[in-house]
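Engineer: Handing you a structure now.
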Amino acid sequence: MELNRLLCEIGPADRSAMRKAALRQKTLTKPPGSLGRLEEVAGRLAGILGVERPVIRGKAVLIAGGDHGVVAQGVSGYPQEVTRQMLLNILEGGAAISVLTRLGGVRRLVVDAGIAGRQLPDHAELRSLRIRPGTDDITRGPAMSTDEAVRCVEAGADLAIELANSKVDLIATGEMGIGNTTPSSAITSAITGCGPVETTGPGTGRTPSELHHKVSMVKKALDRNRPDPSDPIDVLAKVGGLEIGVLAGVVLGATRMRRAVVLDGFISGAAALIAQGLSPDSGDYMIASHLSAEPGHRLVLDRLGLDPLLDLRLRLGEGTGAVPAMGIVEAAARCLTEMATFQEAGVLEGTEKQTGE
């Protein structure tokens, strides 16, 4: 979908449905507020889906893959070809996200946004976009052209719309791209105004000296490109990544279709910053699954105004935090929708002091 049209068709969550859900929570057979954040998540879902009693029909995780020219600067402990190898591993069922999707009954969709080298073989779970074979080195110039950045976002939106039309109501964002914590740190710095020392973490396990070098590369990329924080597409084009752009589009496409987006970690968060910059209403449709071990992720969530559901010290990516959190989101919806009210159950209502723990 053309980007400007997409942005025009996005609106805020349904506040009326959220109010009705909150009123229903007060009538259910439990002390008010006793389900804690499950009640908050259920109310958010009601607003997203536009109904008092939300039902989750389907769950999917979209795992976008892309390569990064900045890997040439030694910012990662793994060679670039691992991106392709890991995407194949995901498709063949051997990756962590493969295990978790099988466990959770979550549909998997792998997207080649633009990996270097030869094309991945055909697979039922693969979509090949190949916008370009990896980004350019952001320490030497822009990651991609403005047109390529827009194409990433539009393609991601189309994929989210496709999932929504197949009755998927929870869409998780995952990624795979060697070196992609470096552009994510640059995006976070550009948009939040925090310095690279604050936004840059160890990624795949950088030593202190290697982390210092990585910070210097993020700073060099920002100084060289000077991305405009008021223009999310400019930020994406200058210091972003192909898979990051696709995930930003997934957020916007899901928002347009009024579906919930369960964000994974730091890279997914950087994509969400781009999406929120393009459409502030998209923040209504985001649910933060977990807090990554990457230090910049907290800065991202603070900017998005989101509180993570889990803190498991994860830093793998792939959607490995988002998929387990989907079970919590679905549990929240089921409690709101399926619990009996006091009247239906024939249970006497009392004060919270009398009926609570």
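Ordered as shown in the structure tokens, chains take letters A, B, and onward, while each chain numbers its residues from 1 and ligands are numbered from 1 in the order shown.
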Give me, as a PyMOL selection string, the residues of segment 145-308 of chain A that a backbone DSSP run labels strand (DSSP E).

Structural biologist: chain A and resi 170-176+260-263+286-288

Engineer: At most 12 Å is the cut-off: for each residue in segment 186-230 of chain A with any atom that close to an atom of segment 284-305 of chain A, write down the nearest atom pair and the distance in Å rounded to one decimal, counting only C-alpha atoms, chain first then increasing number, as CSV.

Structural biologist:
residue,atom,partner,partner_atom,distance
A:Ala186,CA,A:Gly296,CA,10.1
A:Ile187,CA,A:Val300,CA,9.8
A:Thr188,CA,A:Val300,CA,6.7
A:Ser189,CA,A:Gly296,CA,8.8
A:Ala190,CA,A:Val300,CA,11.4
A:Ile191,CA,A:Arg303,CA,8.9
A:Thr192,CA,A:Arg303,CA,7.0
A:Gly193,CA,A:Leu299,CA,10.1
A:Cys194,CA,A:Leu299,CA,8.3
A:Gly195,CA,A:Gly296,CA,10.1
A:Pro196,CA,A:Gly296,CA,9.0
A:Val197,CA,A:Gly296,CA,9.2
A:Glu198,CA,A:Gly296,CA,6.4
A:Thr199,CA,A:Gly296,CA,4.0
A:Thr200,CA,A:Gly296,CA,6.1
A:Gly201,CA,A:Glu294,CA,5.3
A:Pro202,CA,A:Glu294,CA,7.1
A:Gly203,CA,A:Glu294,CA,6.9
A:Thr204,CA,A:Glu294,CA,10.0
A:Gly205,CA,A:Glu294,CA,10.4
A:Arg206,CA,A:Glu294,CA,11.6
A:Val215,CA,A:Gly296,CA,12.0

Engineer: Excluding Gly179 of chain A and residues on its chain fewer than 4 positions from it, collect all residues at most 9 Å away from it, counting only C-alpha atoms, and give them as number ranges by chain.

Structural biologist: A: 67-71, 74-80, 183, 203-204

Engineer: How about saving the chosen residues, all heavy atoms kept, as a CSV table (one decimal), in the first residue's frame?

Structural biologist:
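Produced file result.csv, reproduced below:
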chain,number,residue,atom,x,y,z
A,67,ASP,N,20.8,-7.7,5.7
A,67,ASP,CA,22.2,-7.6,6.0
A,67,ASP,C,22.6,-6.1,6.1
A,67,ASP,O,21.9,-5.2,5.6
A,67,ASP,CB,23.0,-8.3,5.0
A,67,ASP,CG,23.2,-9.8,5.3
A,67,ASP,OD1,23.5,-10.1,6.5
A,67,ASP,OD2,23.0,-10.7,4.4
A,68,HIS,N,23.8,-5.9,6.7
A,68,HIS,CA,24.2,-4.5,7.0
A,68,HIS,C,25.6,-4.3,6.6
A,68,HIS,O,26.5,-5.0,7.0
A,68,HIS,CB,24.0,-4.3,8.5
A,68,HIS,CG,22.6,-4.4,8.9
A,68,HIS,ND1,21.7,-3.3,9.0
A,68,HIS,CD2,21.8,-5.5,9.2
A,68,HIS,CE1,20.5,-3.7,9.4
A,68,HIS,NE2,20.6,-5.1,9.5
A,69,GLY,N,25.8,-3.3,5.8
A,69,GLY,CA,27.2,-2.9,5.3
A,69,GLY,C,28.1,-2.6,6.5
A,69,GLY,O,29.4,-2.8,6.4
A,70,VAL,N,27.6,-2.1,7.6
A,70,VAL,CA,28.4,-1.7,8.7
A,70,VAL,C,29.2,-2.8,9.4
A,70,VAL,O,30.1,-2.6,10.1
A,70,VAL,CB,27.6,-0.9,9.7
A,70,VAL,CG1,26.7,-1.8,10.5
A,70,VAL,CG2,28.5,-0.1,10.7
A,71,VAL,N,28.8,-4.1,9.1
A,71,VAL,CA,29.5,-5.2,9.6
A,71,VAL,C,30.9,-5.2,9.2
A,71,VAL,O,31.8,-5.7,9.9
A,71,VAL,CB,28.8,-6.5,9.1
A,71,VAL,CG1,29.6,-7.8,9.4
A,71,VAL,CG2,27.4,-6.7,9.8
A,74,GLY,N,33.6,-4.3,11.8
A,74,GLY,CA,33.9,-5.1,13.0
A,74,GLY,C,33.0,-4.9,14.2
A,74,GLY,O,33.4,-5.0,15.3
A,75,VAL,N,31.7,-4.6,13.9
A,75,VAL,CA,30.8,-4.3,15.0
A,75,VAL,C,30.1,-5.6,15.6
A,75,VAL,O,29.4,-5.5,16.6
A,75,VAL,CB,29.7,-3.3,14.6
A,75,VAL,CG1,30.3,-1.9,14.3
A,75,VAL,CG2,28.9,-3.8,13.4
A,76,SER,N,30.3,-6.7,14.9
A,76,SER,CA,29.6,-7.9,15.3
A,76,SER,C,30.6,-9.1,15.4
A,76,SER,O,31.7,-9.1,14.8
A,76,SER,CB,28.5,-8.4,14.3
A,76,SER,OG,28.0,-9.6,14.6
A,77,GLY,N,30.3,-10.0,16.3
A,77,GLY,CA,31.2,-11.2,16.5
A,77,GLY,C,30.9,-12.3,15.4
A,77,GLY,O,31.6,-13.3,15.5
A,78,TYR,N,30.0,-12.1,14.5
A,78,TYR,CA,29.6,-13.1,13.6
A,78,TYR,C,29.8,-12.6,12.1
A,78,TYR,O,29.5,-11.4,11.9
A,78,TYR,CB,28.2,-13.6,13.8
A,78,TYR,CG,27.9,-14.3,15.0
A,78,TYR,CD1,27.7,-13.7,16.2
A,78,TYR,CD2,28.0,-15.7,15.0
A,78,TYR,CE1,27.5,-14.4,17.4
A,78,TYR,CE2,27.8,-16.5,16.2
A,78,TYR,CZ,27.5,-15.8,17.4
A,78,TYR,OH,27.3,-16.5,18.5
A,79,PRO,N,30.2,-13.4,11.2
A,79,PRO,CA,30.3,-12.9,9.8
A,79,PRO,C,28.9,-12.7,9.2
A,79,PRO,O,27.9,-13.3,9.6
A,79,PRO,CB,31.0,-14.1,9.1
A,79,PRO,CG,30.8,-15.3,10.0
A,79,PRO,CD,30.6,-14.8,11.4
A,80,GLN,N,28.9,-12.0,8.1
A,80,GLN,CA,27.6,-11.6,7.5
A,80,GLN,C,26.8,-12.8,7.0
A,80,GLN,O,25.6,-12.8,7.0
A,80,GLN,CB,27.8,-10.6,6.4
A,80,GLN,CG,26.6,-9.9,5.9
A,80,GLN,CD,26.9,-8.8,4.9
A,80,GLN,OE1,27.4,-9.0,3.8
A,80,GLN,NE2,26.7,-7.5,5.4
A,183,PRO,N,22.7,-0.3,13.6
A,183,PRO,CA,21.7,0.7,13.1
A,183,PRO,C,20.6,1.0,14.1
A,183,PRO,O,20.1,2.1,14.2
A,183,PRO,CB,21.2,0.1,11.8
A,183,PRO,CG,21.6,-1.3,11.9
A,183,PRO,CD,22.8,-1.4,12.7
A,203,GLY,N,25.4,-6.3,22.0
A,203,GLY,CA,24.9,-7.1,20.9
A,203,GLY,C,25.1,-8.6,21.1
A,203,GLY,O,24.7,-9.2,22.1
A,204,THR,N,25.9,-9.1,20.2
A,204,THR,CA,26.2,-10.6,20.2
A,204,THR,C,27.3,-10.9,21.3
A,204,THR,O,27.7,-12.1,21.4
A,204,THR,CB,26.7,-11.0,18.9
A,204,THR,OG1,27.8,-10.2,18.4
A,204,THR,CG2,25.6,-11.0,17.8

Engineer: How many Å separate atom CA of Arg258 of chain A from atom CA of Arg102 of chain A?

Structural biologist: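 Going from atom CA of Arg258 of chain A over to atom CA of Arg102 of chain A covers 25.6 Å.
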
Engineer: Could you check which of A:Ala221, A:Leu49, A:Ile161, A:Ala260 is closest to Ala322 of chain A, using only C-alpha atoms?

Structural biologist: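 Residue with the minimum atom-to-atom distance to Ala322 of chain A: A:Ala260.
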
Engineer: List as a ChimeraX atom specification the protein and nucleic acid residues near Arg44 of chain A, meaning an atom at most 10 Å away when only C-alpha atoms are counted, but skip any in the same chain fewer than 4 places from it.

Structural biologist: /A:13-15,17-18,21-22,38-40,48-50,54,260,284-287,329,332-333

Engineer: Using only C-alpha atoms, can you tell me which of A:Val262, A:Leu103, A:Val235, A:Leu242 comes closest to Asn180 of chain A?

Structural biologist: A:Leu242

Engineer: I'd like to know which of A:Val82, A:Pro133, A:Ile90, A:Leu312 is closest to Pro324 of chain A, using only C-alpha atoms.

Structural biologist: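 Among the listed residues, the smallest separation from Pro324 of chain A belongs to A:Leu312.
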
Engineer: Nearest to Pro308 of chain A among A:Asp231, A:Asp169, A:Asp264, A:Glu125, with distances taken over only C-alpha atoms: which residue is it?

Structural biologist: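 Among A:Asp231, A:Asp169, A:Asp264, A:Glu125, it is A:Asp264 that comes nearest to Pro308 of chain A.
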
Engineer: Find the residues near Val323 of chain A: any atom within 7 Å, counting only C-alpha atoms, skip ones fewer than 6 places away on the same chain, and give them as a list of chain:residue names.

Structural biologist: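 The neighbour list is A:Leu100, A:Thr101, A:Ala172.
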
Engineer: Given the selection you just returned, output its residues as a file containing all heavy atoms, formatted as a PDB file, in the first residue's frame.

Structural biologist:
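Contents of the output file part_19.pdb:
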ATOM      1  N   LEU A 100       9.727 -22.121  19.672  1.00  0.00           N
ATOM      2  CA  LEU A 100       8.714 -21.375  20.415  1.00  0.00           C
ATOM      3  C   LEU A 100       7.412 -21.239  19.638  1.00  0.00           C
ATOM      4  O   LEU A 100       6.325 -21.270  20.225  1.00  0.00           O
ATOM      5  CB  LEU A 100       9.262 -19.993  20.790  1.00  0.00           C
ATOM      6  CG  LEU A 100      10.403 -20.014  21.807  1.00  0.00           C
ATOM      7  CD1 LEU A 100      11.030 -18.625  21.942  1.00  0.00           C
ATOM      8  CD2 LEU A 100       9.922 -20.511  23.172  1.00  0.00           C
ATOM      9  N   THR A 101       7.497 -21.089  18.318  1.00  0.00           N
ATOM     10  CA  THR A 101       6.256 -20.991  17.536  1.00  0.00           C
ATOM     11  C   THR A 101       5.518 -22.324  17.529  1.00  0.00           C
ATOM     12  O   THR A 101       4.278 -22.352  17.574  1.00  0.00           O
ATOM     13  CB  THR A 101       6.539 -20.532  16.097  1.00  0.00           C
ATOM     14  OG1 THR A 101       7.571 -21.345  15.516  1.00  0.00           O
ATOM     15  CG2 THR A 101       6.964 -19.080  16.062  1.00  0.00           C
ATOM     16  N   ALA A 172       3.363 -10.556  15.846  1.00  0.00           N
ATOM     17  CA  ALA A 172       4.623 -10.289  16.534  1.00  0.00           C
ATOM     18  C   ALA A 172       5.688  -9.893  15.522  1.00  0.00           C
ATOM     19  O   ALA A 172       5.707 -10.385  14.385  1.00  0.00           O
ATOM     20  CB  ALA A 172       5.077 -11.521  17.315  1.00  0.00           C
TER      21      ALA A 172
END

Engineer: For the atom pair atom CA of Asp307 of chain A and atom CA of Met339 of chain A, what is the interatomic distance in Å to one decimal place?

Structural biologist: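 Taking atom CA of Asp307 of chain A as the start and atom CA of Met339 of chain A as the end point, the length is 25.4 Å.
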
Engineer: Please compute the atom CA of Val61 of chain A-atom CA of Met326 of chain A distance, one decimal, in Å.

Structural biologist: 9.9 Å

Engineer: I need the residue nearest Arg24 of chain A from this list: A:Ile63, A:Ala331, A:Thr181, A:Glu52. Use only C-alpha atoms for the distance.

Structural biologist: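 Among A:Ile63, A:Ala331, A:Thr181, A:Glu52, it is A:Glu52 that comes nearest to Arg24 of chain A.
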
Engineer: When DSSP works through the backbone of this structure, what residues of segment 95-160 of chain A end up as helix (DSSP H, G or I), shown as number ranges by chain?

Structural biologist: A: 96-104, 146-160

Engineer: Determine, counting only C-alpha atoms, which protein, DNA and RNA residues have an atom within 12 Å of an atom of Asp223 of chain A; residues of the same chain fewer than 2 positions away are not included. Present the result as a PyMOL selection string.

Structural biologist: chain A and resi 138-142+186+189-190+195-196+216-221+225-228+238-239

Engineer: Between A:Val111, A:Ala157, A:Ala46, A:Leu348, which residue has the minimum interatomic distance to Gly65 of chain A, considering only C-alpha atoms?

Structural biologist: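 That would be A:Val111, the residue with the smallest distance to Gly65 of chain A.
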
Engineer: Residues near Asp147 of chain A, anyone? I mean within 12 Å using only C-alpha atoms, not counting same-chain ones fewer than 2 positions away, as a PyMOL selection string.

Structural biologist: chain A and resi 2-3+131-132+143-145+149-154+233-234+236-238+242+245
